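J.: The file below is coords_1.txt, compact mmCIF, C-alpha atoms and all ligand atoms:
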# COMPACT_ATOMS: atom_id res chain seq x y z
CA MET N 15 -23.58 -21.63 58.20
CA TRP N 16 -22.69 -22.08 54.53
CA SER N 17 -20.26 -24.88 55.34
CA ALA N 18 -23.06 -26.64 57.26
CA GLY N 19 -25.39 -26.28 54.25
CA TYR N 20 -27.59 -23.57 55.77
CA ALA N 21 -28.57 -20.16 54.42
CA LEU N 22 -27.21 -20.97 50.99
CA GLY N 23 -29.20 -18.14 49.41
CA ALA N 24 -27.90 -15.60 51.90
CA SER N 25 -25.38 -12.97 50.97
CA PHE N 26 -24.30 -9.55 52.23
CA GLU N 27 -26.78 -8.12 49.70
CA ASN N 28 -29.85 -9.74 51.31
CA THR N 29 -28.75 -10.53 54.86
CA LEU N 30 -27.33 -8.77 57.87
CA VAL N 31 -24.48 -10.80 59.24
CA ILE N 32 -23.82 -10.42 62.95
CA SER N 33 -20.76 -11.74 64.74
CA GLU N 34 -20.44 -11.38 68.48
CA ASP N 35 -21.68 -7.81 68.89
CA ARG N 36 -20.95 -6.23 65.54
CA VAL N 37 -22.40 -6.13 62.03
CA LEU N 38 -20.07 -7.66 59.44
CA ASN N 39 -21.78 -6.14 56.38
CA PRO N 40 -19.36 -3.57 54.93
CA GLU N 41 -22.12 -0.94 54.63
CA GLY N 42 -23.46 -1.61 58.13
CA LEU N 43 -27.13 -1.21 58.99
CA ARG N 44 -29.51 0.39 56.50
CA PHE N 45 -31.41 2.07 59.34
CA ALA N 46 -30.33 2.90 62.89
CA ASP N 47 -33.40 1.01 64.16
CA GLU N 48 -33.18 -1.84 61.66
CA PHE N 49 -33.43 -4.54 64.32
CA VAL N 50 -36.59 -2.99 65.73
CA ARG N 51 -38.08 -2.69 62.24
CA HIS N 52 -37.33 -6.34 61.65
CA LYS N 53 -39.06 -7.39 64.88
CA VAL N 54 -42.11 -5.28 64.04
CA LEU N 55 -42.42 -6.85 60.59
CA ASP N 56 -41.96 -10.30 62.11
CA ALA N 57 -44.82 -9.62 64.55
CA VAL N 58 -47.09 -8.22 61.80
CA GLY N 59 -46.49 -11.32 59.69
CA ASP N 60 -46.89 -13.73 62.59
CA LEU N 61 -50.12 -12.11 63.80
CA ALA N 62 -51.53 -12.10 60.25
CA LEU N 63 -51.75 -15.86 60.65
CA ALA N 64 -54.87 -15.18 62.75
CA GLY N 65 -56.66 -15.15 59.40
CA GLN N 66 -58.43 -11.87 60.12
CA PRO N 67 -57.06 -8.43 60.82
CA LEU N 68 -56.61 -7.90 64.55
CA LEU N 69 -58.26 -4.81 65.92
CA ALA N 70 -55.87 -4.72 68.83
CA ALA N 71 -52.69 -3.39 70.33
CA TYR N 72 -49.70 -5.66 70.54
CA ARG N 73 -46.71 -4.99 72.71
CA THR N 74 -43.79 -7.31 73.22
CA VAL N 75 -40.46 -7.25 74.98
CA ARG N 76 -37.67 -9.32 73.46
CA GLY N 77 -40.27 -10.76 71.14
CA GLY N 78 -39.78 -13.20 68.34
CA HIS N 79 -41.57 -15.75 66.22
CA LYS N 80 -41.85 -18.26 69.08
CA LEU N 81 -43.41 -15.73 71.45
CA ASN N 82 -45.69 -14.31 68.75
CA HIS N 83 -46.88 -17.83 67.93
CA ALA N 84 -47.47 -18.61 71.62
CA VAL N 85 -49.52 -15.43 72.08
CA LEU N 86 -51.61 -16.04 68.96
CA SER N 87 -52.11 -19.71 69.86
CA ALA N 88 -53.28 -18.77 73.36
CA LEU N 89 -55.65 -16.15 71.93
CA MET N 90 -57.11 -18.51 69.35
CA ALA N 91 -57.45 -21.35 71.89
CA ASP N 92 -59.83 -19.29 74.03
CA PRO N 93 -62.91 -18.25 72.03
CA SER N 94 -64.04 -16.09 74.95
CA ALA N 95 -60.87 -14.01 74.53
CA TRP N 96 -61.94 -12.48 71.23
CA ARG N 97 -64.92 -11.89 69.00
CA LEU N 98 -65.37 -11.29 65.32
CA VAL N 99 -66.72 -7.81 64.60
CA GLU N 100 -67.91 -6.17 61.44
CA ALA N 101 -65.33 -3.81 60.01
CA ALA N 102 -66.45 -0.25 59.48
CA GLU N 103 -66.84 0.69 55.83
CA PRO N 104 -63.66 2.81 55.65
CA ALA N 105 -61.62 -0.09 57.06
CA ARG N 106 -62.97 -2.41 54.37
CA ARG N 107 -61.59 -0.09 51.73
CA MET N 108 -58.21 0.17 53.40
CA ARG N 109 -55.34 -1.18 51.45
CA GLY N 110 -54.61 -4.74 52.46
CA TYR N 111 -58.12 -5.52 53.60
CA ALA N 112 -59.60 -6.12 50.15
CA ASP N 113 -59.38 -9.89 50.35
CA MET N 114 -59.99 -10.23 54.06
CA GLY N 115 -63.78 -9.93 54.03
CA ALA N 116 -65.63 -7.71 56.41
CA GLY N 117 -64.63 -9.32 59.71
CA MET N 118 -62.04 -8.23 62.21
CA MET N 119 -60.96 -9.98 65.38
CA LEU N 120 -61.41 -7.96 68.52
CA PRO N 121 -59.55 -9.37 71.53
CA ALA N 122 -61.67 -9.37 74.68
CA TYR N 123 -58.82 -8.14 76.82
CA GLY N 124 -55.73 -5.99 76.51
CA PRO N 125 -54.50 -2.52 77.38
CA GLU N 126 -57.37 -0.78 75.58
CA VAL N 127 -60.03 -3.36 76.49
CA SER N 128 -61.02 -4.07 80.07
ZN ZN W 201 -37.26 -12.25 61.53
Now, as a test, write the supplied structure out as structure tokens.
T.:
Amino acid sequence: MWSAGYALGASFENTLVISEDRVLNPEGLRFADEFVRHKVLDAVGDLALAGQPLLAAYRTVRGGHKLNHAVLSALMADPSAWRLVEAAEPARRMRGYADMGAGMMLPAYGPEVS
């Protein structure tokens, strides 16, 4: 990738390098479930683009940015699929919600919503 001009800021200190089916970093993975952690953080970041906290469950299989974007785009494209609800007072004080206002998006369907 470096020779092609990509990932020029990447190093073994800030990147996991995978070749075929093994990790090339001398110290290996930092956590046994590091790939899962990465996917979870990707999904949290992607779904934050909704602009409001999602009061929802999200499950994905072999997920990634493209799938997360497709799911969020489909949700946002159908206003009947969600509604904005007032956050309960304790949620407003939760860390990370301070600048989000009082609204939360509640999907109209999903495993916990019929
Ligand atoms: Zn990622």
J.: List all protein, DNA and RNA residues that have any atom at most 9 Å from ligand ZN 201 (chain W), counting all atoms listed in the file, and write the list as a compact mmCIF listing (two decimals) with C-alpha atoms, in the coordinates of the input.
T.:
# COMPACT_ATOMS: atom_id res chain seq x y z
CA HIS N 52 -37.33 -6.34 61.65
CA LYS N 53 -39.06 -7.39 64.88
CA VAL N 54 -42.11 -5.28 64.04
CA LEU N 55 -42.42 -6.85 60.59
CA ASP N 56 -41.96 -10.30 62.11
CA ALA N 57 -44.82 -9.62 64.55
CA GLY N 78 -39.78 -13.20 68.34
CA HIS N 79 -41.57 -15.75 66.22
J.: Which is closest to Val99 (chain N) among N:Pro67, N:Gly59, N:Pro40, N:Gly77, if we use all atoms listed in the file?
T.: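 Of N:Pro67, N:Gly59, N:Pro40, N:Gly77, the one nearest Val99 (chain N), counting all atoms listed in the file, is N:Pro67.
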J.: With distances taken over all atoms listed in the file, which residue among N:Glu41, N:Glu48, N:Glu100, N:Asp60 lies nearest Glu27 (chain N)?
T.: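 The shortest atom-to-atom distance to Glu27 (chain N) comes from N:Glu41.
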J.: Can you measure CA of Ala95 (chain N) to CA of Ala70 (chain N) for me? One decimal in Å is fine.
T.: 12.0 Å
